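Asks: Just dropping this structure here.
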Amino acid sequence: MSAITLKQTPLNAAHRRLGGRMVEFGGWDMPVQYPAGTVEEHMRTRTRAGLFDVSHMGEIEVRGRDAIAFVNRLCSNDASKLVDGQAQYSALTTEQGTVVDDLLVYRFGAEHLLLVVNASTTDKDWDWLNSHGSDESVELKNRSSDLCQIALQGPNALGILQTLTGTPLEEIKYYHFREGRVDDVDSIISRTGYTGEDGFEVYAAPEYAERLWEKMLDAGSYGTPEGVQPCGLAARNTLRLEAGMALYGHEITEETTLLEANLGWITKLAKSDFTGRDALARQKEEGVGRKLVGFEVTERGIARDGQDIYVEGTRVGHVTSGSPAPYLKKNIGMAYVPVELANVGQQIQVDVRGRMVGALIVPVPFYKRNK
Amino acid sequence: MANVPEGLYYSKDHEWLKVEGDAGTVGITDHAQSSLGDVVYVELPKAGETFAAHDTFGSVESVKAVSELFLPVACVVVEVNDSLTDEPEKVNTDPYGDGWMLKVRLSGRGEVDSLLSAAEYEDYLKTNVEQ
């Protein structure tokens, strides 16, 4: 163990009982995988259901008359379009249009929003929000330690969760949520996720985390071949990568703009002014110099994060995420390349520890579930 | 608890070596495969290549990680387990059997004596790894 004390989620003991292999992630002690292994965890989520502890994520409450105006001024998506009970993918942006963090904005009411942010950036975001106040009337509260978060994902997620709640889950549309009870525990039930599957993210007070976790395992027949499978960070990463979702610190950073990262769809230039709007408007008009693409390795080898991309012997970019894709049974990745090369069908090479391995730019997402 | 068969030599890099005269067989230990998780890719040298002790001779990859492979002793590669190209999972299921990686001809016997016995490797795991 390192000398630094790692933060623990309320499910730390539960992970250890399940045989989770614990690793450091963004200052947290988290399971990277369980004894079933990453491939099985990944496959079970695609075909049945996977259970994820995401309690390390941060939650910041924004309350007050100007809650929406405040979030709209600091985030790229249009929070004024949200209705009560709806969630929205958005980004905190710098003046340069690069990304401080990506996040979900939940609207509980016109004067009550909840921002769900990445674990490793929670402190940075908290400082950012507090230091970028204006004369708006808002009150910020860091609620990260008041809430656990458990994600139940996959085609069986709805059926499993429905056995534990009276809230009619079918009625909750994608990217919407309701406040309700799960096994009699006050919860926020959100139809969101980071796997490319249908599913839910459940927020509750941390003292109920173990109870909810155990109930979801039981309700999902954990331990049977068709049952729910607890999943670690490794499967969480491969699932989101197959689904073409960005990971903060990899595809999106303070060095990459939203437009370069293909996040134009959460960049609402026509709404009221927001941090970075001018830079993004300029970049949209002039065109981006580089773009995030997806690629598939066509020769023997696995591309990994940080490796260089070459075209005709010249270094043209780098891999932001690279991994085997267990469901697709291919080796895939995402990379930044010059915009003139960012076309489906473009051949590239990845420098895999000194060996040039061929790859092909392909459409993203790599995987799309049948609805 | 990792399986550590008697009669093999072990390195602190978690490779095993089976010695029969000047012939050797090399693979990774049960502990190594278990730490890596599902092996999805194995990269090995070609027969005829010569290595010094502690040289990197290839890599083994799980979904999550890449691990370099180190030769415990100086040797010439005689045969490579090509079946691992299509069935890398053998490294997980049978690390000391079907999951073998190289057959080699030892360049000398001296280095073998500096490797760990099964008992020593188990102690090494206990004190350094399985805390």
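Ordering of the structure tokens sets the chain letters (A, B, ...); residue numbers start at 1 within each chain; ligands are numbered from 1 in the order shown.
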Could you tell me which residues of chain B sit within 7 Å of chain A when counting only C-alpha atoms, and give me the result as a PyMOL selection string?
Replies: chain B and resi 37-38+63-64
Asks: What's around range 112-122 of chain A at 6 Å? Count only C-alpha atoms, leave out sequence neighbours fewer than 5 positions away in its own chain, and write the answer as a list of chain:residue names.
Replies: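 Counting only C-alpha atoms, the residues come to A:Gly26, A:His56, A:Met57, A:Gly58, A:Glu59, A:Ile60, A:Glu61, A:Val62, A:Arg63, A:Leu103, A:Leu104, A:Val105, A:Tyr106, A:Arg107.
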Asks: Can I get the selected residues back with N, CA and C atoms, as a CSV table (one decimal), in the first residue's frame?
Replies:
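What landed in again-v2.csv:
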```csv
chain,number,residue,atom,x,y,z
A,26,GLY,N,-7.4,7.7,-8.8
A,26,GLY,CA,-7.8,9.1,-8.5
A,26,GLY,C,-7.8,9.3,-7.0
A,56,HIS,N,-17.4,6.9,-5.8
A,56,HIS,CA,-16.3,7.8,-5.8
A,56,HIS,C,-16.6,9.1,-6.6
A,57,MET,N,-17.6,9.0,-7.5
A,57,MET,CA,-18.0,10.2,-8.2
A,57,MET,C,-18.4,11.3,-7.3
A,58,GLY,N,-18.2,12.6,-7.7
A,58,GLY,CA,-18.5,13.7,-6.9
A,58,GLY,C,-19.9,14.3,-7.2
A,59,GLU,N,-20.5,14.8,-6.1
A,59,GLU,CA,-21.8,15.5,-6.4
A,59,GLU,C,-21.8,16.9,-5.7
A,60,ILE,N,-22.1,17.9,-6.5
A,60,ILE,CA,-22.2,19.2,-6.1
A,60,ILE,C,-23.5,19.8,-6.3
A,61,GLU,N,-24.1,20.3,-5.2
A,61,GLU,CA,-25.5,20.8,-5.3
A,61,GLU,C,-25.4,22.3,-5.6
A,62,VAL,N,-26.3,22.8,-6.5
A,62,VAL,CA,-26.4,24.2,-6.7
A,62,VAL,C,-27.8,24.6,-6.5
A,63,ARG,N,-28.0,25.4,-5.5
A,63,ARG,CA,-29.4,25.9,-5.1
A,63,ARG,C,-29.4,27.4,-5.2
A,103,LEU,N,-19.6,16.3,-17.0
A,103,LEU,CA,-20.5,16.1,-15.9
A,103,LEU,C,-21.9,15.9,-16.3
A,104,LEU,N,-22.7,15.4,-15.4
A,104,LEU,CA,-24.2,15.4,-15.6
A,104,LEU,C,-24.8,16.5,-14.7
A,105,VAL,N,-25.8,17.2,-15.3
A,105,VAL,CA,-26.5,18.2,-14.6
A,105,VAL,C,-27.9,17.6,-14.4
A,106,TYR,N,-28.3,17.4,-13.1
A,106,TYR,CA,-29.7,17.0,-12.8
A,106,TYR,C,-30.5,18.2,-12.3
A,107,ARG,N,-31.7,18.3,-12.9
A,107,ARG,CA,-32.6,19.3,-12.5
A,107,ARG,C,-33.7,18.8,-11.5
```
Asks: Leaving out Cys75 in chain B and any residue of its chain fewer than 3 positions from it, which residues lie within 10 Å of it when counting only C-alpha atoms, given as a PyMOL selection string?
Replies: chain B and resi 22-24+48-53+71-72+78+103-108
Asks: Could the residues in this selection be written to a file with C-alpha atoms, as a compact mmCIF listing (two decimals), in the first residue's frame?
Replies:
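So the final result, stored in part29.txt, reads:
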```
# COMPACT_ATOMS: atom_id res chain seq x y z
CA ASP B 22 21.00 -28.05 -21.08
CA ALA B 23 17.39 -27.84 -22.25
CA GLY B 24 14.96 -25.48 -20.56
CA GLY B 48 17.02 -19.06 -33.05
CA GLU B 49 17.13 -15.77 -31.18
CA THR B 50 19.77 -15.45 -28.46
CA PHE B 51 19.22 -13.74 -25.12
CA ALA B 52 21.25 -12.79 -22.06
CA ALA B 53 19.84 -13.35 -18.58
CA LEU B 71 14.38 -14.46 -19.36
CA PRO B 72 15.70 -15.95 -16.14
CA VAL B 78 14.74 -23.52 -29.73
CA LYS B 103 11.84 -24.08 -25.13
CA VAL B 104 15.47 -22.98 -24.91
CA ARG B 105 19.03 -24.24 -24.86
CA LEU B 106 20.82 -22.87 -21.80
CA SER B 107 24.04 -20.99 -22.55
CA GLY B 108 25.47 -21.99 -19.17
```
Asks: Which distance in Å separates CA of Gly306 in chain A and CA of Ala32 in chain B, to one decimal?
Replies: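 Computing the Euclidean distance for CA of Gly306 in chain A and CA of Ala32 in chain B yields 24.7 Å.
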Asks: Apply DSSP to the backbone of this structure and, from range 66-242 of chain A, keep only the residues in strand (DSSP E); write these as a PyMOL selection string.
Replies: chain A and resi 86-93+99-109+112-117+139-142+148-153+177-182+185-190+199-204+229-230
Asks: List the spatial neighbours of Trp128 in chain A as a list of chain:residue names - criterion: any atom at most 12 Å away, only C-alpha atoms, same-chain residues fewer than 5 positions off excluded.
Replies: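 Answer for this query is A:Ile60, A:Val71, A:Leu74, A:Cys75, A:Leu92, A:Thr93, A:Thr94, A:Val99, A:Val100, A:Asp101, A:Thr121, A:Thr122, A:Asp123, A:Gly133, A:Leu140, A:Thr275.
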Asks: With C-alpha atoms retained, could you export that selection as a PDB file, in the first residue's frame?
Replies:
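File written: part33.pdb
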```pdb
ATOM      1  CA  ILE A  60     -22.155  19.240  -6.072  1.00  0.00           C
ATOM      2  CA  VAL A  71     -24.603  26.561 -14.375  1.00  0.00           C
ATOM      3  CA  LEU A  74     -20.005  27.891 -16.624  1.00  0.00           C
ATOM      4  CA  CYS A  75     -21.134  24.865 -18.655  1.00  0.00           C
ATOM      5  CA  LEU A  92     -17.255  22.795 -17.445  1.00  0.00           C
ATOM      6  CA  THR A  93     -15.151  24.795 -19.885  1.00  0.00           C
ATOM      7  CA  THR A  94     -12.115  27.074 -19.777  1.00  0.00           C
ATOM      8  CA  VAL A  99     -12.501  20.942 -20.608  1.00  0.00           C
ATOM      9  CA  VAL A 100     -12.213  21.389 -16.835  1.00  0.00           C
ATOM     10  CA  ASP A 101     -14.480  18.349 -16.433  1.00  0.00           C
ATOM     11  CA  THR A 121     -11.608  16.193 -10.444  1.00  0.00           C
ATOM     12  CA  THR A 122     -14.161  16.808  -7.676  1.00  0.00           C
ATOM     13  CA  ASP A 123     -11.876  19.094  -5.671  1.00  0.00           C
ATOM     14  CA  GLY A 133     -18.944  33.111  -9.049  1.00  0.00           C
ATOM     15  CA  LEU A 140     -23.040  25.559  -3.494  1.00  0.00           C
ATOM     16  CA  THR A 275     -16.989  30.457 -20.428  1.00  0.00           C
TER      17      THR A 275
END
```
Asks: Considering only C-alpha atoms, return as a list in words whatever protein or nucleic-acid residues lie within 9 Å of Gly99 in chain B, sequence-local ones (same chain, fewer than 6 positions apart) excluded.
Replies: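 Skipping anything fewer than 6 positions along the chain leaves Gly27, Ile28, Asn81, Ser83, Leu84, Pro88, Glu89, Lys90, Val91, Asn92 and Thr93 of chain B.
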Asks: Using only C-alpha atoms, which of A:Thr267, A:Ser76, A:Asn262, A:Thr167 sits nearest Met334 in chain A?
Replies: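 Looking only at the distances to Met334 in chain A, the closest residue turns out to be A:Asn262.
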Asks: Quick one: residues within 10 Å of Leu239 in chain A, only C-alpha atoms, excluding same-chain residues fewer than 4 positions away - as a PyMOL selection string?
Replies: chain A and resi 41-43+45-46+194-197+233-235+243-245+325-327+367
Asks: Env of Asp13 in chain B: 12 Å cut, atoms = only C-alpha atoms, seq-sep filter 5 positions within chain, self excluded. Answer as a list in words.
Replies: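 Contacts, in chain order: Gly27, Ile28, Thr29, His31, Ala32, Gln33, Ala53, His54, Asp55, Thr56, Ser67, Glu68, Leu69, Phe70, Leu71, Pro72, Leu115, Leu116, Tyr121, Tyr124, Leu125, Asn128 and Val129 of chain B.
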Asks: For a quick check of understanding, using only C-alpha atoms, which of A:Gly345, A:Gly249, A:Pro10, A:Gly276 has the smallest distance to Gly294 in chain A?
Replies: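 Closest candidate: A:Gly345.
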Asks: Of the residues B:Ala118, B:Val80, B:Val42, B:Met101, which is the one nearest to Val4 in chain B, using only C-alpha atoms?
Replies: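 That would be B:Ala118, the residue with the smallest distance to Val4 in chain B.
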Asks: Looking at only C-alpha atoms, which of B:Glu122, B:Pro5, B:Val112, B:Glu43 is the one that sits closest to Glu20 in chain B?
Replies: B:Val112
Asks: Select, from B:Val39, B:Asp113, B:Val73, B:Ala65, the residue with the minimum atom-to-atom distance to Glu87 in chain B, counting only C-alpha atoms.
Replies: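 Smallest separation from Glu87 in chain B among the options: B:Val39.
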Asks: What does the distance from CA of Glu255 in chain A to CA of Ala359 in chain A come to in Å, to one decimal?
Replies: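 Here the two named atoms are 25.0 Å from each other.
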Asks: So which one's closest to Val202 in chain A, A:Leu341, A:Ala151, A:Leu169, A:Ala219? Using only C-alpha atoms, please.
Replies: A:Ala151
Asks: DSSP on the backbone: what in range 70-265 of chain A comes out alpha helix (DSSP H), as a compact mmCIF listing (two decimals) with C-alpha atoms, in the first residue's frame?
Replies:
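Just written: selection16.txt:
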```txt
# COMPACT_ATOMS: atom_id res chain seq x y z
CA PHE A 70 -24.96 30.05 -12.88
CA VAL A 71 -24.60 26.56 -14.37
CA ASN A 72 -25.41 27.87 -17.84
CA ARG A 73 -22.65 30.48 -17.58
CA LEU A 74 -20.00 27.89 -16.62
CA THR A 122 -14.16 16.81 -7.68
CA ASP A 123 -11.88 19.09 -5.67
CA LYS A 124 -10.76 20.97 -8.79
CA ASP A 125 -14.38 21.45 -9.91
CA TRP A 126 -15.44 22.58 -6.44
CA ASP A 127 -12.68 25.21 -6.44
CA TRP A 128 -13.50 26.20 -10.01
CA LEU A 129 -17.20 26.72 -9.26
CA ASN A 130 -16.42 28.67 -6.11
CA SER A 131 -13.84 30.91 -7.75
CA ALA A 157 -31.09 -3.98 -15.20
CA LEU A 158 -34.66 -2.70 -15.34
CA GLY A 159 -36.20 -6.03 -14.41
CA ILE A 160 -33.84 -6.51 -11.47
CA LEU A 161 -34.26 -3.01 -10.08
CA GLN A 162 -38.04 -3.12 -10.53
CA ALA A 209 -24.88 1.54 0.26
CA GLU A 210 -24.17 -2.01 1.43
CA ARG A 211 -27.85 -2.80 1.82
CA LEU A 212 -28.67 -1.60 -1.71
CA TRP A 213 -25.62 -3.36 -3.16
CA GLU A 214 -26.49 -6.68 -1.49
CA LYS A 215 -30.16 -6.39 -2.46
CA MET A 216 -29.27 -5.74 -6.08
CA LEU A 217 -26.93 -8.75 -6.10
CA ASP A 218 -29.66 -10.95 -4.58
CA ALA A 219 -32.40 -9.63 -6.85
CA LEU A 233 -12.98 -0.26 -13.09
CA ALA A 234 -11.35 -2.26 -15.91
CA ALA A 235 -14.73 -3.39 -17.27
CA ARG A 236 -16.17 0.06 -16.73
CA ASN A 237 -13.40 1.37 -18.99
CA THR A 238 -13.76 -1.23 -21.76
CA LEU A 239 -17.56 -0.84 -21.77
CA ARG A 240 -17.42 2.93 -22.13
CA LEU A 241 -14.70 2.69 -24.77
CA GLU A 242 -16.72 0.27 -26.93
```
